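**Q** Contents of target.cif (mmCIF, C-alpha atoms) are given next:
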```cif
data_start
#
loop_
_atom_site.label_atom_id
_atom_site.label_comp_id
_atom_site.auth_asym_id
_atom_site.auth_seq_id
_atom_site.Cartn_x
_atom_site.Cartn_y
_atom_site.Cartn_z
CA MET A 1 48.93 -76.39 -29.81
CA LEU A 2 46.45 -76.21 -27.00
CA VAL A 3 48.91 -74.22 -24.97
CA LEU A 4 49.23 -71.65 -27.74
CA ALA A 5 45.46 -71.34 -28.10
CA ALA A 6 45.05 -70.84 -24.37
CA LEU A 7 47.78 -68.23 -24.37
CA ALA A 8 46.14 -66.33 -27.25
CA ALA A 9 42.77 -66.34 -25.48
CA LEU A 10 44.38 -65.03 -22.31
CA LEU A 11 46.10 -62.21 -24.21
CA GLY A 12 42.81 -61.27 -25.91
CA LEU A 13 40.92 -61.13 -22.61
CA THR A 14 43.60 -58.94 -21.11
CA ALA A 15 43.39 -56.50 -24.06
CA CYS A 16 39.57 -56.27 -23.73
CA ASN A 17 39.79 -55.51 -20.03
CA LYS A 18 42.36 -52.80 -20.73
CA THR A 19 40.20 -51.20 -23.39
CA ALA A 20 37.15 -51.24 -21.11
CA THR A 21 39.17 -49.66 -18.31
CA GLU A 22 40.44 -46.90 -20.59
CA THR A 23 36.94 -46.25 -21.86
CA ALA A 24 35.61 -46.01 -18.31
CA ASP A 25 38.41 -43.67 -17.31
CA GLY A 26 37.75 -41.49 -20.32
CA GLY A 27 34.07 -41.26 -19.45
CA GLY A 28 34.97 -40.26 -15.90
CA ASP A 29 37.24 -37.50 -17.15
CA ALA A 30 34.49 -36.19 -19.42
CA ALA A 31 32.06 -36.12 -16.52
CA LYS A 32 34.61 -34.25 -14.41
CA ASN A 33 35.22 -31.68 -17.16
CA ALA A 34 31.50 -31.07 -17.86
CA ALA A 35 30.16 -27.62 -16.86
CA PRO A 36 28.13 -27.59 -13.61
CA PRO A 37 24.40 -27.02 -14.01
CA GLU A 38 23.21 -23.42 -13.71
CA PRO A 39 21.70 -22.58 -10.33
CA ALA A 40 17.94 -22.10 -10.19
CA PRO A 41 16.82 -18.45 -10.24
CA PRO A 42 15.98 -17.02 -6.83
CA PRO A 43 12.29 -16.97 -5.98
CA ARG A 44 10.45 -13.73 -6.57
CA PRO A 45 9.91 -11.67 -3.43
CA PRO A 46 6.31 -11.75 -2.22
CA ARG A 47 4.16 -8.87 -3.39
CA ALA A 48 3.89 -6.22 -0.71
CA ALA A 49 0.33 -6.24 0.60
CA ARG A 50 -1.38 -2.88 0.50
CA LEU A 51 -4.80 -1.34 0.17
CA PRO A 52 -5.10 0.52 -3.13
CA GLU A 53 -6.21 4.09 -3.60
CA GLY A 54 -10.00 4.26 -3.75
CA THR A 55 -10.57 1.67 -1.01
CA THR A 56 -13.60 2.52 1.15
CA LEU A 57 -13.30 2.57 4.93
CA GLN A 58 -16.61 2.43 6.78
CA VAL A 59 -16.09 3.75 10.30
CA ARG A 60 -18.40 4.14 13.28
CA LEU A 61 -17.87 7.24 15.40
CA MET A 62 -17.42 6.60 19.12
CA THR A 63 -18.66 10.01 20.30
CA GLN A 64 -20.74 12.87 18.94
CA ILE A 65 -18.85 15.50 16.95
CA SER A 66 -20.46 18.92 16.60
CA THR A 67 -19.62 22.51 15.74
CA GLU A 68 -20.94 23.34 19.21
CA SER A 69 -18.36 21.22 21.00
CA HIS A 70 -15.45 20.76 18.57
CA GLN A 71 -13.00 23.06 16.85
CA THR A 72 -10.94 22.72 13.71
CA GLY A 73 -7.92 20.49 14.30
CA GLU A 74 -9.37 18.44 17.16
CA PRO A 75 -8.78 14.66 16.94
CA PHE A 76 -11.41 11.95 17.17
CA THR A 77 -11.41 8.15 17.28
CA ALA A 78 -13.59 5.59 15.56
CA THR A 79 -13.64 1.89 14.65
CA LEU A 80 -14.12 0.05 11.36
CA GLU A 81 -17.75 -0.90 10.92
CA ALA A 82 -16.95 -3.49 8.23
CA PRO A 83 -13.83 -5.53 7.42
CA VAL A 84 -11.61 -4.37 4.57
CA LEU A 85 -10.53 -7.03 2.06
CA GLU A 86 -7.31 -7.23 0.04
CA GLY A 87 -6.78 -10.03 -2.45
CA GLY A 88 -9.81 -11.88 -1.14
CA ARG A 89 -8.49 -11.90 2.43
CA VAL A 90 -9.35 -9.73 5.42
CA ALA A 91 -6.70 -7.02 5.62
CA LEU A 92 -8.35 -4.92 8.31
CA PRO A 93 -10.92 -6.67 10.52
CA LYS A 94 -14.09 -5.09 11.81
CA GLY A 95 -13.41 -3.14 14.99
CA THR A 96 -9.97 -1.91 13.91
CA ARG A 97 -9.27 1.41 15.62
CA VAL A 98 -8.84 4.49 13.44
CA GLU A 99 -8.06 8.11 14.21
CA GLY A 100 -9.16 11.28 12.47
CA VAL A 101 -9.22 15.04 12.74
CA VAL A 102 -11.87 17.73 12.46
CA ALA A 103 -10.79 19.35 9.21
CA GLU A 104 -13.27 22.21 9.61
CA ALA A 105 -15.73 23.32 12.28
CA ASP A 106 -17.53 26.44 11.12
CA LYS A 107 -20.44 27.55 13.28
CA GLY A 108 -21.84 29.66 10.46
CA GLY A 109 -22.55 33.36 10.34
CA ARG A 110 -25.22 35.08 12.38
CA VAL A 111 -26.70 36.65 9.24
CA LYS A 112 -25.93 34.25 6.39
CA GLY A 113 -24.63 30.72 6.03
CA VAL A 114 -25.12 27.51 7.97
CA ALA A 115 -22.79 25.58 10.24
CA THR A 116 -20.35 23.25 8.46
CA LEU A 117 -18.43 20.29 9.89
CA ALA A 118 -15.77 18.32 7.99
CA LEU A 119 -13.88 15.15 9.03
CA ARG A 120 -11.01 13.12 7.59
CA LEU A 121 -9.00 10.10 8.78
CA THR A 122 -5.32 10.32 9.71
CA LYS A 123 -4.27 6.92 11.13
CA VAL A 124 -5.31 3.28 11.26
CA ASP A 125 -4.05 0.63 13.67
CA LEU A 126 -2.15 -2.23 12.00
CA PRO A 127 -0.74 -5.30 13.79
CA SER A 128 2.70 -3.67 13.48
CA GLY A 129 1.53 -0.32 14.82
CA PRO A 130 -0.34 2.84 13.74
CA ALA A 131 -0.03 3.78 10.06
CA ASP A 132 -0.72 7.14 8.46
CA VAL A 133 -3.59 7.31 5.98
CA THR A 134 -4.73 9.90 3.49
CA THR A 135 -8.48 10.06 2.85
CA ASN A 136 -11.10 12.34 1.45
CA THR A 137 -12.86 14.90 3.63
CA VAL A 138 -16.48 14.19 4.56
CA VAL A 139 -18.50 17.41 4.91
CA HIS A 140 -21.81 17.84 6.73
CA GLU A 141 -23.87 21.03 6.79
CA ALA A 142 -26.52 21.94 9.34
CA ARG A 143 -30.13 22.32 8.28
CA THR A 144 -31.16 25.76 7.14
CA THR A 145 -33.32 27.78 9.57
CA LYS A 146 -34.94 30.17 7.05
CA LYS A 147 -38.48 29.04 7.91
CA GLN A 148 -37.81 29.42 11.62
CA ASP A 149 -36.29 32.86 11.04
CA ALA A 150 -39.31 33.95 9.00
CA ALA A 151 -41.60 32.72 11.75
CA LYS A 152 -39.71 34.76 14.33
CA VAL A 153 -40.03 37.92 12.24
CA GLY A 154 -43.72 37.23 11.61
CA ILE A 155 -44.45 36.71 15.30
CA GLY A 156 -42.63 39.92 16.14
CA ALA A 157 -44.64 41.86 13.54
CA GLY A 158 -47.92 40.40 14.80
CA VAL A 159 -47.22 41.27 18.42
CA GLY A 160 -46.16 44.77 17.45
CA ALA A 161 -49.30 45.32 15.38
CA ALA A 162 -51.52 44.20 18.24
CA ILE A 163 -49.83 46.55 20.66
CA GLY A 164 -49.97 49.40 18.13
CA ALA A 165 -53.67 48.86 17.50
CA ILE A 166 -54.44 49.08 21.18
CA ALA A 167 -52.41 52.24 21.51
CA GLY A 168 -53.35 54.13 18.35
CA GLY A 169 -55.83 52.38 16.12
CA GLY A 170 -55.08 51.48 12.51
CA ARG A 171 -52.11 53.77 12.14
CA GLY A 172 -50.72 52.46 15.40
CA ALA A 173 -51.12 48.93 14.17
CA ALA A 174 -49.04 49.68 11.08
CA VAL A 175 -46.33 51.37 13.11
CA GLY A 176 -46.40 48.60 15.68
CA ALA A 177 -46.07 45.97 12.97
CA GLY A 178 -42.95 47.65 11.65
CA VAL A 179 -41.45 47.91 15.10
CA GLY A 180 -42.33 44.32 15.86
CA ALA A 181 -40.84 43.08 12.60
CA GLY A 182 -37.67 44.97 13.37
CA ALA A 183 -37.48 43.39 16.79
CA GLY A 184 -38.04 39.94 15.31
CA GLY A 185 -35.34 40.54 12.73
CA ALA A 186 -32.94 41.66 15.43
CA THR A 187 -33.59 38.42 17.28
CA VAL A 188 -32.76 36.43 14.15
CA LEU A 189 -29.52 38.37 13.59
CA ALA A 190 -28.45 37.76 17.17
CA THR A 191 -29.09 34.03 17.02
CA ARG A 192 -26.94 31.43 15.23
CA GLY A 193 -28.51 28.62 13.27
CA GLU A 194 -28.46 24.96 14.22
CA PRO A 195 -25.05 23.30 14.72
CA ALA A 196 -23.67 20.76 12.28
CA THR A 197 -23.43 17.41 14.04
CA PHE A 198 -22.27 13.85 13.47
CA PRO A 199 -24.14 11.92 16.21
CA ALA A 200 -22.39 9.23 18.22
CA GLU A 201 -22.50 5.80 16.53
CA SER A 202 -22.82 7.43 13.11
CA VAL A 203 -21.34 5.39 10.25
CA VAL A 204 -19.21 7.54 7.96
CA HIS A 205 -17.66 6.41 4.66
CA PHE A 206 -14.12 7.54 3.84
CA THR A 207 -12.08 6.81 0.70
CA LEU A 208 -8.32 6.29 0.57
CA HIS A 209 -6.60 8.95 -1.52
CA ALA A 210 -3.26 7.08 -1.43
CA PRO A 211 -2.30 3.38 -1.12
CA LEU A 212 -1.96 2.05 2.43
CA PRO A 213 0.91 -0.48 2.95
CA LEU A 214 -0.12 -3.25 5.33
CA SER A 215 3.35 -4.57 6.17
CA GLY A 216 4.21 -1.93 8.75
CA SER A 217 3.76 1.58 10.00
CA ARG A 218 4.90 4.49 7.88
#
```
Represent the structure from my file as structure tokens, please.

**A**
Amino acid sequence: MLVLAALAALLGLTACNKTATETADGGGDAAKNAAPPEPAPPPRPPRAARLPEGTTLQVRLMTQISTESHQTGEPFTATLEAPVLEGGRVALPKGTRVEGVVAEADKGGRVKGVATLALRLTKVDLPSGPADVTTNTVVHEARTTKKQDAAKVGIGAGVGAAIGAIAGGGRGAAVGAGVGAGAGGATVLATRGEPATFPAESVVHFTLHAPLPLSGSR
């Protein structure tokens, strides 16, 4: 009787072990057949750093630029007077070299008009090399010389009147005044007005008219 009980217990234990093994094997098969997890999406590429349109560039001229010494199309160099920020960080440090061109150098007419000088930037030095820039044109006009011209005519008329008075009295004074005024006017017509000038070390403000990528030269 005891032998039969022991044999029944042994058979039961063997059946339990078999069931557990089959269950474990089934779980392993399910794990093998499960779909692999989806890969993580690739990281977004970093935003390309650039200075937006409308950014102000404050530059200090290295040399004097004048309608007396410069012609339209001549290049000039300058440096940034203040750092330029992008996203809260310094994108272009103070002292960065920039290049520009004389967009217009008009000495003005001998009869009408004043001298006009216009500048714009063309390049800025980046760590990767020079990059083209598009900016506004800064225009400077010379001071008018109307008061000086009037003084020249008046002096000429006065001298002529004095000479005429000595030579022919009152009538001579009138004639001399007319001759003197004509001479003074001729002097004005033969003389140009003051030149338009950006002195050396002048600080000029330019504005970007197109975005400037900072990752490399264009």

**Q** Assuming the chain letters and numbering stay as they are in my file, what does the PyMOL selection byres ((chain A and resi 129-140) around 10) actually select? List them as a ChimeraX atom specification.

**A** /A:53-57,97-105,115-128,141-143,196-198,204-218

**Q** Closest to Pro195 (chain A) among A:Glu81, A:Pro39, A:Glu68, A:Thr96, using all atoms listed in the file?

**A**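 For Pro195 (chain A), the nearest of the given residues is A:Glu68.
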
**Q** Could you give me, as JSON, numbers by chain, the residues within 8 Å of Arg60 (chain A), counting all atoms listed in the file and dropping anything in the same chain fewer than 5 positions from it?

**A** {"A": [78, 79, 80, 81, 201, 202, 203, 204]}

**Q** Any idea what the distance is between CA of Leu61 (chain A) and CA of Gly193 (chain A)?

**A**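 Separating CA of Leu61 (chain A) from CA of Gly193 (chain A) is a distance of 24.0 Å.
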
**Q** Counting only C-alpha atoms, figure out which residue out of A:Gln64, A:Thr72, A:Gln58, A:Thr77 gets nearest to Pro199 (chain A).

**A**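 That would be A:Gln64, the residue with the smallest distance to Pro199 (chain A).
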
**Q** CA of Gly73 (chain A) and CA of Lys94 (chain A) are how many Å apart?

**A** 26.4 Å
